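**Q** First the structure, then my questions, so here it is.
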Amino acid sequence: LETSKTLNNLGNAYYEKQEYKLALIYYEKTRAIQQREFPRDHLDMAKCLNNIALIHWKMHDLDAALEYHGQALEMRKKLLPREHNEIVQ
């Protein structure tokens, strides 16, 4: 799982550099590892889905952004109390 954290951090760095295609590659690699290692619903996976959504938003692919944001929200709703900050926002 350390590899997925490192890949996610690389994605974050490319995001900050506004190199969105590279960021997306690293977030997708993170997601692939998480899908193998985590249960179907996991908060780290929700965060990764959110990161992927933000990349699609920045690249003006709003349909994909909405899809990934929706997946992240549904996962959070399953895992967190209804009044949790990550759901209420």
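Labeling convention for the structure tokens: chains A, B, ... as they appear, residues from 1 per chain, ligands from 1 in order of appearance.
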Name the residues of chain A that fall into helix (DSSP H, G or I) according to DSSP on the backbone, using the chain letters and numbers of this document, as a ChimeraX atom specification.
**A** /A:2-16,20-37,43-58,62-79,85-88
**Q** Mind checking which residues fall within 10 Å of Lys78 (chain A), counting only C-alpha atoms, ignoring those fewer than 5 positions away in the same chain, and posting them as a PDB file with N, CA and C atoms, in the first residue's frame?
**A**
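New file selection.pdb:
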```
ATOM      1  N   ASP A  41     -15.656  -0.844  -0.772  1.00  0.00           N
ATOM      2  CA  ASP A  41     -15.833   0.537  -0.313  1.00  0.00           C
ATOM      3  C   ASP A  41     -14.792   0.847   0.753  1.00  0.00           C
ATOM      4  N   HIS A  42     -14.001   1.872   0.494  1.00  0.00           N
ATOM      5  CA  HIS A  42     -12.928   2.264   1.408  1.00  0.00           C
ATOM      6  C   HIS A  42     -12.712   3.769   1.245  1.00  0.00           C
ATOM      7  N   LEU A  43     -12.454   4.465   2.343  1.00  0.00           N
ATOM      8  CA  LEU A  43     -12.299   5.922   2.266  1.00  0.00           C
ATOM      9  C   LEU A  43     -11.140   6.359   1.384  1.00  0.00           C
ATOM     10  N   LEU A  73     -18.943  10.114  -3.648  1.00  0.00           N
ATOM     11  CA  LEU A  73     -19.972  10.489  -2.671  1.00  0.00           C
ATOM     12  C   LEU A  73     -20.743   9.262  -2.191  1.00  0.00           C
TER      13      LEU A  73
END
```
**Q** Taking 4 positions as the minimum chain separation for residues in the same chain, which residues sit within 9 Å of Lys21 (chain A) when counting only C-alpha atoms? Answer as JSON, numbers by chain.
**A** {"A": [14, 15, 25, 26, 55, 59]}
**Q** When you look at Ala13 (chain A) with a cut-off of 12 Å (counting only C-alpha atoms), what residues show up, excluding the ones that are within fewer than 4 positions of it in the same chain? I need them as a PyMOL selection string.
**A** chain A and resi 6-9+17-20+22-24+26-27+51
**Q** Selection from above, N, CA, C and O atoms, as an mmCIF file, in the first residue's frame, can you write it?
**A**
```cif
data_model
loop_
_atom_site.group_PDB
_atom_site.id
_atom_site.type_symbol
_atom_site.label_atom_id
_atom_site.label_comp_id
_atom_site.auth_asym_id
_atom_site.auth_seq_id
_atom_site.Cartn_x
_atom_site.Cartn_y
_atom_site.Cartn_z
ATOM 1 N N THR A 6 2.562 6.487 -2.664
ATOM 2 C CA THR A 6 3.586 7.188 -3.438
ATOM 3 C C THR A 6 3.036 7.596 -4.803
ATOM 4 O O THR A 6 3.249 8.738 -5.251
ATOM 5 N N LEU A 7 2.329 6.692 -5.460
ATOM 6 C CA LEU A 7 1.743 7.022 -6.755
ATOM 7 C C LEU A 7 0.736 8.159 -6.626
ATOM 8 O O LEU A 7 0.683 9.063 -7.466
ATOM 9 N N ASN A 8 -0.070 8.124 -5.562
ATOM 10 C CA ASN A 8 -1.023 9.206 -5.326
ATOM 11 C C ASN A 8 -0.302 10.532 -5.111
ATOM 12 O O ASN A 8 -0.716 11.569 -5.640
ATOM 13 N N ASN A 9 0.792 10.506 -4.357
ATOM 14 C CA ASN A 9 1.563 11.734 -4.134
ATOM 15 C C ASN A 9 2.157 12.266 -5.434
ATOM 16 O O ASN A 9 2.215 13.483 -5.644
ATOM 17 N N LYS A 17 1.341 20.989 -10.612
ATOM 18 C CA LYS A 17 2.073 21.531 -11.758
ATOM 19 C C LYS A 17 1.161 21.762 -12.963
ATOM 20 O O LYS A 17 1.621 22.212 -14.004
ATOM 21 N N GLN A 18 -0.119 21.422 -12.800
ATOM 22 C CA GLN A 18 -1.124 21.536 -13.858
ATOM 23 C C GLN A 18 -0.816 20.625 -15.049
ATOM 24 O O GLN A 18 -1.190 20.912 -16.183
ATOM 25 N N GLU A 19 -0.155 19.528 -14.768
ATOM 26 C CA GLU A 19 0.106 18.501 -15.780
ATOM 27 C C GLU A 19 -0.925 17.395 -15.557
ATOM 28 O O GLU A 19 -0.638 16.329 -15.017
ATOM 29 N N TYR A 20 -2.146 17.697 -15.991
ATOM 30 C CA TYR A 20 -3.295 16.878 -15.625
ATOM 31 C C TYR A 20 -3.280 15.482 -16.235
ATOM 32 O O TYR A 20 -3.717 14.531 -15.593
ATOM 33 N N LEU A 22 -0.672 13.608 -16.828
ATOM 34 C CA LEU A 22 0.242 12.796 -16.008
ATOM 35 C C LEU A 22 -0.371 12.510 -14.641
ATOM 36 O O LEU A 22 -0.257 11.393 -14.122
ATOM 37 N N ALA A 23 -1.020 13.494 -14.057
ATOM 38 C CA ALA A 23 -1.672 13.286 -12.760
ATOM 39 C C ALA A 23 -2.706 12.174 -12.870
ATOM 40 O O ALA A 23 -2.774 11.293 -12.004
ATOM 41 N N LEU A 24 -3.483 12.190 -13.941
ATOM 42 C CA LEU A 24 -4.510 11.179 -14.131
ATOM 43 C C LEU A 24 -3.901 9.786 -14.236
ATOM 44 O O LEU A 24 -4.418 8.819 -13.657
ATOM 45 N N TYR A 26 -1.193 8.685 -12.791
ATOM 46 C CA TYR A 26 -0.798 8.231 -11.457
ATOM 47 C C TYR A 26 -2.001 7.945 -10.564
ATOM 48 O O TYR A 26 -1.984 6.986 -9.780
ATOM 49 N N TYR A 27 -3.056 8.732 -10.686
ATOM 50 C CA TYR A 27 -4.261 8.446 -9.902
ATOM 51 C C TYR A 27 -4.904 7.136 -10.348
ATOM 52 O O TYR A 27 -5.403 6.375 -9.521
ATOM 53 N N ASN A 51 -10.024 12.594 -6.525
ATOM 54 C CA ASN A 51 -8.867 13.147 -7.245
ATOM 55 C C ASN A 51 -9.040 12.983 -8.757
ATOM 56 O O ASN A 51 -8.758 13.906 -9.528
#
```
**Q** Identify which of the residues A:Ala72, A:Leu1, A:Ala64, A:Leu79 lies closest to Asn50 (chain A), counting only C-alpha atoms when measuring atom-to-atom distances.
**A**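 Comparing A:Ala72, A:Leu1, A:Ala64, A:Leu79 against Asn50 (chain A), the winner is A:Ala72.
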**Q** Would you kindly return, as a VMD selection string, each protein, DNA or RNA residue with an atom no farther than 12 Å from any atom of Lys47 (chain A), considering only C-alpha atoms and excluding same-chain residues fewer than 6 positions away?
**A** chain A and resid 5 8 12 27 30 to 31 34 41 53 to 54 68 to 76 86
**Q** Using only C-alpha atoms for the distances, tell me which of A:Ala32, A:Ala46, A:Leu62, A:Leu10 is nearest to Lys77 (chain A).
**A**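 Under the stated criterion, the closest residue is A:Ala46.
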